[in-house]
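Peer 1: If it helps, the file is called data12.cif and holds mmCIF, C-alpha atoms:
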data_coords
#
loop_
_atom_site.label_atom_id
_atom_site.label_comp_id
_atom_site.auth_asym_id
_atom_site.auth_seq_id
_atom_site.Cartn_x
_atom_site.Cartn_y
_atom_site.Cartn_z
CA LYS A 27 -29.25 46.34 -10.10
CA LYS A 28 -28.13 42.82 -10.76
CA GLY A 29 -29.02 40.37 -8.00
CA SER A 30 -26.46 38.16 -6.34
CA SER A 31 -25.76 34.93 -8.18
CA PHE A 32 -27.14 31.67 -6.87
CA VAL A 33 -24.38 29.70 -5.17
CA PRO A 34 -21.51 32.06 -6.15
CA ALA A 35 -18.91 29.31 -5.76
CA GLY A 36 -20.71 27.22 -8.38
CA GLN A 37 -23.08 24.29 -8.35
CA SER A 38 -22.24 20.61 -8.28
CA THR A 39 -24.09 17.31 -8.38
CA GLN A 40 -23.42 13.68 -7.59
CA MET A 41 -24.10 10.48 -9.50
CA ILE A 42 -24.44 7.13 -7.76
CA VAL A 43 -22.62 4.48 -9.78
CA GLY A 44 -23.90 0.92 -9.93
CA ALA A 45 -27.32 1.37 -8.31
CA THR A 46 -29.12 1.20 -11.64
CA GLY A 47 -28.32 -0.01 -15.13
CA GLU A 48 -26.80 3.11 -16.67
CA SER A 49 -23.62 2.51 -18.64
CA ASP A 50 -20.47 4.60 -18.39
CA TYR A 51 -21.34 5.91 -21.85
CA GLU A 52 -24.58 7.38 -20.51
CA ILE A 53 -22.96 8.75 -17.35
CA VAL A 54 -20.09 10.48 -19.17
CA HIS A 55 -22.44 12.04 -21.73
CA VAL A 56 -24.78 13.30 -19.01
CA ALA A 57 -21.79 14.82 -17.20
CA GLU A 58 -20.67 16.54 -20.40
CA ALA A 59 -24.18 17.96 -20.92
CA LEU A 60 -24.28 19.25 -17.33
CA TYR A 61 -20.96 21.04 -17.78
CA LYS A 62 -21.95 22.55 -21.12
CA ASN A 63 -25.60 23.40 -20.58
CA PHE A 64 -25.73 24.23 -16.88
CA ASP A 65 -22.17 25.42 -16.26
CA LEU A 66 -21.72 23.03 -13.34
CA LYS A 67 -18.45 23.33 -11.48
CA ARG A 68 -18.17 19.67 -10.62
CA VAL A 69 -19.83 16.30 -11.02
CA PHE A 70 -19.03 13.81 -8.29
CA TYR A 71 -19.29 10.04 -8.60
CA SER A 72 -19.98 7.63 -5.76
CA ALA A 73 -19.95 3.85 -5.92
CA PHE A 74 -23.27 2.44 -4.73
CA VAL A 75 -23.22 0.75 -1.32
CA ASN A 76 -26.26 -1.10 0.03
CA THR A 77 -25.67 0.02 3.60
CA THR A 78 -28.92 -1.41 4.99
CA GLY A 79 -28.78 -4.80 3.28
CA ASP A 80 -32.30 -4.18 2.01
CA PRO A 81 -33.18 -6.97 -0.47
CA LEU A 82 -35.24 -4.47 -2.49
CA LEU A 83 -32.06 -2.54 -3.30
CA PRO A 84 -29.56 -3.74 -5.93
CA ALA A 85 -27.15 -6.40 -4.72
CA THR A 86 -23.42 -5.74 -5.02
CA LYS A 87 -21.97 -9.23 -4.71
CA GLU A 88 -18.50 -8.09 -5.72
CA GLY A 89 -18.63 -5.05 -3.47
CA PRO A 90 -18.91 -1.38 -4.44
CA PRO A 91 -17.73 -0.68 -8.03
CA LEU A 92 -14.77 1.38 -6.83
CA LEU A 93 -12.55 0.94 -9.88
CA ARG A 94 -15.44 1.97 -12.11
CA GLU A 95 -15.93 5.07 -9.94
CA HIS A 96 -12.21 5.84 -10.28
CA ARG A 97 -12.28 5.52 -14.08
CA LEU A 98 -15.29 7.86 -14.24
CA TYR A 99 -13.38 10.48 -12.26
CA GLN A 100 -10.48 10.12 -14.71
CA ALA A 101 -12.86 10.54 -17.65
CA ASP A 102 -14.36 13.58 -15.93
CA PHE A 103 -10.91 15.17 -15.69
CA LEU A 104 -10.44 14.64 -19.42
CA LEU A 105 -13.70 16.52 -20.02
CA ARG A 106 -12.87 19.41 -17.71
CA PHE A 107 -9.14 19.94 -18.16
CA TYR A 108 -7.87 18.03 -21.20
CA GLN A 109 -10.20 19.28 -23.95
CA PHE A 110 -11.68 15.84 -24.63
CA LYS A 111 -15.26 15.31 -25.76
CA ALA A 112 -17.42 12.52 -24.38
CA ASP A 113 -17.59 10.78 -27.77
CA GLU A 114 -13.79 10.61 -27.84
CA ILE A 115 -13.59 8.99 -24.41
CA ILE A 116 -16.30 6.37 -24.85
CA ASN A 117 -18.79 5.24 -27.48
CA ALA A 118 -22.03 3.31 -27.66
CA ASP A 119 -20.32 0.24 -29.13
CA ASN A 120 -18.13 -0.05 -26.02
CA PRO A 121 -20.32 1.55 -23.35
CA PHE A 122 -18.07 0.86 -20.34
CA LEU A 123 -14.66 2.34 -19.62
CA ASN A 124 -11.65 0.05 -19.89
CA VAL A 125 -10.76 -1.15 -16.39
CA GLN A 126 -7.25 -2.21 -17.46
CA VAL A 127 -5.95 1.26 -18.32
CA ASP A 128 -7.01 4.83 -17.67
CA PRO A 129 -9.26 6.57 -20.25
CA LYS A 130 -6.49 8.67 -21.77
CA CYS A 131 -4.24 5.66 -22.34
CA ASN A 132 -7.22 3.81 -23.76
CA TRP A 133 -7.90 6.66 -26.21
CA ALA A 134 -4.24 6.76 -27.25
CA LEU A 135 -4.12 2.99 -27.83
CA ASN A 136 -7.18 3.28 -30.06
CA HIS A 137 -5.66 6.19 -32.02
CA LEU A 138 -2.05 5.20 -32.59
CA GLU A 139 -2.21 7.00 -35.94
CA TYR A 140 -1.61 10.25 -34.00
CA PHE A 141 1.57 8.97 -32.37
CA PRO A 142 4.43 9.32 -31.71
CA VAL A 143 4.13 13.04 -30.98
CA GLU A 144 7.20 15.24 -31.29
CA VAL A 145 7.21 17.27 -28.07
CA GLN A 146 9.48 19.95 -29.55
CA THR A 147 6.82 21.06 -32.03
CA ALA A 148 3.42 19.78 -30.85
CA ASP A 149 0.78 22.35 -29.91
CA TYR A 150 -0.76 22.51 -26.44
CA HIS A 151 -3.89 20.60 -27.43
CA THR A 152 -1.80 17.73 -28.81
CA LEU A 153 0.46 17.62 -25.76
CA LEU A 154 -2.60 17.17 -23.54
CA ARG A 155 -3.46 14.02 -25.49
CA ILE A 156 -0.22 12.27 -24.58
CA PRO A 157 -0.52 9.74 -21.73
CA GLY A 158 1.71 10.83 -18.88
CA VAL A 159 1.53 14.53 -19.77
CA GLY A 160 -0.63 16.66 -17.49
CA VAL A 161 -1.88 20.21 -17.74
CA LYS A 162 1.05 21.67 -15.78
CA SER A 163 3.71 19.66 -17.61
CA ALA A 164 2.20 20.62 -20.98
CA ARG A 165 2.39 24.30 -20.05
CA ARG A 166 5.97 23.90 -18.85
CA ILE A 167 6.92 22.25 -22.14
CA MET A 168 5.36 25.10 -24.11
CA ALA A 169 7.24 27.69 -22.04
CA ALA A 170 10.59 25.88 -22.07
CA ARG A 171 10.61 25.41 -25.85
CA ARG A 172 10.92 29.17 -26.29
CA LEU A 173 14.25 29.08 -24.47
CA GLY A 174 15.91 26.09 -26.07
CA LYS A 175 15.73 22.45 -27.00
CA LEU A 176 14.26 19.83 -24.71
CA ASP A 177 15.53 16.41 -23.71
CA TYR A 178 14.09 13.55 -21.70
CA THR A 179 15.77 14.75 -18.51
CA SER A 180 14.02 18.10 -18.78
CA LEU A 181 10.69 16.40 -19.52
CA LYS A 182 11.02 14.45 -16.29
CA LYS A 183 11.73 17.68 -14.41
CA PHE A 184 8.57 19.19 -15.90
CA GLY A 185 6.51 16.40 -14.35
CA VAL A 186 6.02 14.19 -17.40
CA VAL A 187 5.46 10.55 -16.37
CA LEU A 188 7.99 9.09 -18.77
CA LYS A 189 7.28 5.45 -17.94
CA ARG A 190 3.90 6.05 -19.59
CA ALA A 191 4.67 8.83 -22.07
CA MET A 192 7.75 7.21 -23.62
CA TYR A 193 5.59 4.93 -25.77
CA PHE A 194 3.87 7.90 -27.39
CA ILE A 195 6.53 10.59 -27.91
CA THR A 196 9.75 11.59 -29.57
CA CYS A 197 11.99 14.38 -28.33
CA GLY A 198 14.24 16.00 -30.89
CA GLY A 199 13.42 13.14 -33.23
CA LYS A 200 14.66 10.54 -30.74
CA THR A 201 12.71 7.92 -28.86
CA MET A 202 13.48 7.03 -25.27
CA VAL A 203 13.16 3.31 -25.97
CA PRO A 204 12.89 1.32 -29.22
CA LEU A 205 9.27 1.86 -30.24
CA ARG A 206 6.78 -0.34 -31.97
CA MET A 207 3.52 1.48 -32.63
CA ASN A 208 1.58 -1.65 -31.94
CA GLU A 209 -1.39 -1.71 -29.57
CA ARG A 210 -0.59 -5.08 -28.02
CA PHE A 211 3.08 -4.19 -27.48
CA ILE A 212 2.28 -0.88 -25.78
CA LEU A 213 -0.62 -2.28 -23.74
CA THR A 214 1.53 -5.12 -22.44
CA ASN A 215 4.15 -2.65 -21.27
CA LEU A 216 1.59 -0.31 -19.72
CA LEU A 217 -0.03 -3.17 -17.82
CA GLY A 218 3.37 -3.93 -16.35
CA LEU A 219 3.35 -0.53 -14.62
CA ARG A 220 1.94 -0.07 -11.15
CA GLU A 221 -0.93 2.36 -11.53
CA ARG A 222 -1.56 4.70 -8.63
CA LEU A 223 -5.07 3.79 -7.52
CA PRO A 224 -7.01 4.96 -4.46
CA ALA A 225 -6.38 2.81 -1.39
CA ALA A 226 -10.03 1.76 -1.31
CA VAL A 227 -9.70 0.33 -4.85
CA THR A 228 -6.53 -1.64 -4.11
CA GLY A 229 -7.93 -3.02 -0.87
CA GLU A 230 -5.30 -1.28 1.27
CA ASP A 231 -8.07 0.72 2.88
CA ARG A 232 -11.45 -0.87 3.60
CA TYR A 233 -14.32 1.05 2.03
CA GLU A 234 -17.10 1.89 4.46
CA GLN A 235 -20.14 4.12 4.52
CA LEU A 236 -19.85 6.48 7.48
CA SER A 237 -22.60 6.68 10.06
CA LEU A 238 -23.24 9.29 12.73
CA LEU A 239 -21.63 6.96 15.27
CA ASP A 240 -18.41 7.11 13.23
CA ILE A 241 -18.45 10.89 13.41
CA TYR A 242 -19.68 11.31 16.99
CA PRO A 243 -18.74 8.85 19.78
CA GLN A 244 -21.66 7.36 21.72
CA GLY A 245 -21.20 9.79 24.62
CA GLU A 246 -21.38 12.81 22.34
CA MET A 247 -24.50 11.43 20.66
CA GLU A 248 -26.21 11.25 24.06
CA VAL A 249 -25.23 14.86 24.78
CA ILE A 250 -26.60 15.97 21.40
CA GLY A 251 -29.87 14.16 22.16
CA GLN A 252 -30.14 15.90 25.54
CA ARG A 253 -29.58 19.31 23.94
CA ARG A 254 -32.35 18.65 21.43
CA ARG A 255 -34.76 17.67 24.20
CA VAL A 256 -33.91 20.86 26.13
CA ARG A 257 -34.63 22.98 23.06
#
Just give me the structure as structure tokens.

Peer 2:
Amino acid sequence: KKGSSFVPAGQSTQMIVGATGESDYEIVHVAEALYKNFDLKRVFYSAFVNTTGDPLLPATKEGPPLLREHRLYQADFLLRFYQFKADEIINADNPFLNVQVDPKCNWALNHLEYFPVEVQTADYHTLLRIPGVGVKSARRIMAARRLGKLDYTSLKKFGVVLKRAMYFITCGGKTMVPLRMNERFILTNLLGLRERLPAAVTGEDRYEQLSLLDIYPQGEMEVIGQRRRVR
């Protein structure tokens, strides 16, 4: 009889970002190895915060590396859902993720030879490589093509982020805007977009490490202490 599996829902781990000198290149490759070799369900990333102010711990003069944490999560999604390999996302010559644009846009800008992609004929793997095209929208495109021709209005309905994707695609042989397959031209336009970043990264929400006093008011903490003494 086969025994019950350990942690049936799957195992996960967490990496603290910025506490030591590891590069993003090392972190992404370790994450890839954990997914492949140990079948982990999820790797979490947490920006290092010196909560105690201990001088023996690394100093974070510019605050927690929240944008770096965010880019690592984006790279992790490319590994898990978008069929990317770690070596495609980042390399030893440039060991840190680009903070200006997300990892998929960065890959596309470095591989303009693959673009523009014709969405009417591209396979699923190629669709996933297009900035602004997610897993669901790629599947919707694949399904809709069996029924008829696509246009930019239908792509928007499928969830494609056209303000990002339009620099990398054609639809029925037509571009949405006049295109120049030039890295500087596309990057300049992408940087003009407002990227949706977590509130903690943009400063709209102050990043704090929770303590027990944040979870339990002082009165409840006293009650908990009394219960422990009774036991």

Peer 1: Work out how far apart CA of Asp149 (chain A) and CA of Phe107 (chain A) are and give it in Å to one decimal.

Peer 2: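 These two atoms are separated by 15.6 Å.
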
Peer 1: Need to verify the contact set: Asp113 (chain A), 10 Å, only C-alpha atoms, exclusion of same-chain residues closer than 2 positions in sequence. Can you return it as a list in words?

Peer 2: Tyr51, Val54, His55, Glu58, Phe110, Lys111, Ile115, Ile116, Asn117 and Ala118 of chain A

Peer 1: The PyMOL selection byres ((chain A and resi 163-172) around 8) - which residues does that actually catch in the file I just gave you? List them as a ChimeraX atom specification.

Peer 2: /A:145-146,149-150,153-154,159-162,173-176,181,184-186

Peer 1: Which is closer to Asn76 (chain A) than all the others in A:Gly44, A:Arg155, A:Gln126, A:His96, using only C-alpha atoms?

Peer 2: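 The closest residue to Asn76 (chain A) is A:Gly44.
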
Peer 1: Just how far from CA of Leu98 (chain A) is CA of Ile53 (chain A), in Å to one decimal?

Peer 2: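 According to the coordinates, CA of Ile53 (chain A) and CA of Leu98 (chain A) are separated by 8.3 Å.
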
Peer 1: Report, in Å with one decimal, the straight-line distance from CA of Arg190 (chain A) to CA of Cys131 (chain A).

Peer 2: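 Interatomic distance here is 8.6 Å.
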
Peer 1: Would you pick out the contacts of Leu60 (chain A) at 12 Å or less, using only C-alpha atoms, so that residues sharing its chain but fewer than 4 positions from it are not included, and give the list as a short mmCIF file (atom, residue, chain, number, x, y, z; two decimals) with C-alpha atoms, in the coordinates of the input?

Peer 2:
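Wrote it out as part.cif, contents follow:
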data_model
loop_
_atom_site.label_atom_id
_atom_site.label_comp_id
_atom_site.auth_asym_id
_atom_site.auth_seq_id
_atom_site.Cartn_x
_atom_site.Cartn_y
_atom_site.Cartn_z
CA GLN A 37 -23.08 24.29 -8.35
CA SER A 38 -22.24 20.61 -8.28
CA THR A 39 -24.09 17.31 -8.38
CA GLN A 40 -23.42 13.68 -7.59
CA MET A 41 -24.10 10.48 -9.50
CA ILE A 53 -22.96 8.75 -17.35
CA VAL A 54 -20.09 10.48 -19.17
CA HIS A 55 -22.44 12.04 -21.73
CA VAL A 56 -24.78 13.30 -19.01
CA PHE A 64 -25.73 24.23 -16.88
CA ASP A 65 -22.17 25.42 -16.26
CA LEU A 66 -21.72 23.03 -13.34
CA LYS A 67 -18.45 23.33 -11.48
CA ARG A 68 -18.17 19.67 -10.62
CA VAL A 69 -19.83 16.30 -11.02
CA PHE A 70 -19.03 13.81 -8.29
CA ASP A 102 -14.36 13.58 -15.93
CA LEU A 105 -13.70 16.52 -20.02
CA ARG A 106 -12.87 19.41 -17.71
CA ALA A 112 -17.42 12.52 -24.38
#

Peer 1: Which residues are near Leu83 (chain A)? Cut-off 12 Å, all atoms listed in the file, ignore same chain within fewer than 3 positions. Put them as a list in words.

Peer 2: Gly44, Ala45, Thr46, Phe74, Val75, Asn76, Thr77, Thr78, Gly79, Asp80 and Thr86 of chain A

Peer 1: Selection in question (the file shown): the PyMOL selection byres ((chain A and resi 216) around 9). Which residues does it include, as a tab-separated table (two decimals) with C-alpha atoms, in the frame of the given file?

Peer 2:
chain	number	residue	atom	x	y	z
A	127	VAL	CA	-5.95	1.26	-18.32
A	131	CYS	CA	-4.24	5.66	-22.34
A	189	LYS	CA	7.28	5.45	-17.94
A	190	ARG	CA	3.90	6.05	-19.59
A	193	TYR	CA	5.59	4.93	-25.77
A	211	PHE	CA	3.08	-4.19	-27.48
A	212	ILE	CA	2.28	-0.88	-25.78
A	213	LEU	CA	-0.62	-2.28	-23.74
A	214	THR	CA	1.53	-5.12	-22.44
A	215	ASN	CA	4.15	-2.65	-21.27
A	217	LEU	CA	-0.03	-3.17	-17.82
A	218	GLY	CA	3.37	-3.93	-16.35
A	219	LEU	CA	3.35	-0.53	-14.62
A	220	ARG	CA	1.94	-0.07	-11.15
A	221	GLU	CA	-0.93	2.36	-11.53

Peer 1: Nearest residue to Met192 (chain A) out of A:Asn208, A:Gly36, A:Glu88, A:Ile156, using all atoms listed in the file?

Peer 2: A:Ile156

Peer 1: So which one's closest to Leu93 (chain A), A:Ser72, A:Pro81, A:Val187, A:Tyr108? Using all atoms listed in the file, please.

Peer 2: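 That would be A:Ser72, the residue with the smallest distance to Leu93 (chain A).
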
Peer 1: For each of A:Ala57, A:Val125, A:Pro84, A:Gly198, take the minimum atom-to-atom distance to Phe103 (chain A), counting all atoms listed in the file, then give the residue where this is smallest.

Peer 2: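 When distances to Phe103 (chain A) are compared using all atoms listed in the file, the smallest one comes from A:Ala57.
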
Peer 1: Could you check the closest approach to Arg94 (chain A) for each of A:Ala35, A:Ala73, A:Cys197, A:Ile42 and tell me which residue wins, using all atoms listed in the file?

Peer 2: A:Ala73

Peer 1: So, counting all atoms listed in the file, which residue among A:Pro121, A:Pro142, A:Gly158, A:Gly89 is closest to Gly199 (chain A)?

Peer 2: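 Going through A:Pro121, A:Pro142, A:Gly158, A:Gly89 one by one, the smallest distance to Gly199 (chain A) is for A:Pro142.
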
Peer 1: Taking all atoms of region 105-109 of chain A that appear in the file, build a box with edges along x, y and z, extend it by 6 Å on every side, and state its centre and edge lengths in Å to one decimal, as lines of an AutoDock Vina configuration file.

Peer 2:
center_x = -10.8
center_y = 18.2
center_z = -20.8
size_x = 17.8
size_y = 15.4
size_z = 18.2

Peer 1: Kindly write N, CA and C atoms of region 181-195 of chain A from the structure just given to a file, as a compact mmCIF listing (two decimals), in the first residue's frame.

Peer 2:
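And here is the file that came out, out04.txt:
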# COMPACT_ATOMS: atom_id res chain seq x y z
N LEU A 181 -8.69 41.21 -29.95
CA LEU A 181 -7.53 40.96 -29.09
C LEU A 181 -7.70 41.66 -27.74
N LYS A 182 -8.22 42.87 -27.78
CA LYS A 182 -8.46 43.60 -26.54
C LYS A 182 -9.50 42.89 -25.68
N LYS A 183 -10.53 42.35 -26.32
CA LYS A 183 -11.56 41.61 -25.59
C LYS A 183 -10.99 40.34 -24.96
N PHE A 184 -9.98 39.77 -25.59
CA PHE A 184 -9.36 38.54 -25.07
C PHE A 184 -8.42 38.82 -23.90
N GLY A 185 -8.20 40.10 -23.59
CA GLY A 185 -7.35 40.44 -22.46
C GLY A 185 -5.93 40.82 -22.84
N VAL A 186 -5.64 40.94 -24.12
CA VAL A 186 -4.31 41.36 -24.54
C VAL A 186 -4.10 42.83 -24.17
N VAL A 187 -2.96 43.12 -23.54
CA VAL A 187 -2.63 44.51 -23.18
C VAL A 187 -2.00 45.16 -24.41
N LEU A 188 -2.84 45.77 -25.22
CA LEU A 188 -2.38 46.27 -26.52
C LEU A 188 -1.37 47.40 -26.40
N LYS A 189 -1.45 48.20 -25.36
CA LYS A 189 -0.49 49.31 -25.23
C LYS A 189 0.94 48.79 -25.09
N ARG A 190 1.08 47.51 -24.73
CA ARG A 190 2.40 46.89 -24.66
C ARG A 190 2.63 45.97 -25.86
N ALA A 191 1.61 45.20 -26.21
CA ALA A 191 1.76 44.20 -27.27
C ALA A 191 1.88 44.81 -28.66
N MET A 192 1.33 46.01 -28.87
CA MET A 192 1.26 46.56 -30.23
C MET A 192 2.62 46.79 -30.86
N TYR A 193 3.68 46.85 -30.06
CA TYR A 193 5.02 47.04 -30.61
C TYR A 193 5.66 45.72 -31.07
N PHE A 194 4.95 44.61 -30.83
CA PHE A 194 5.55 43.31 -31.10
C PHE A 194 4.68 42.40 -31.97
N ILE A 195 3.55 42.90 -32.47
CA ILE A 195 2.64 42.02 -33.20
C ILE A 195 2.13 42.66 -34.49
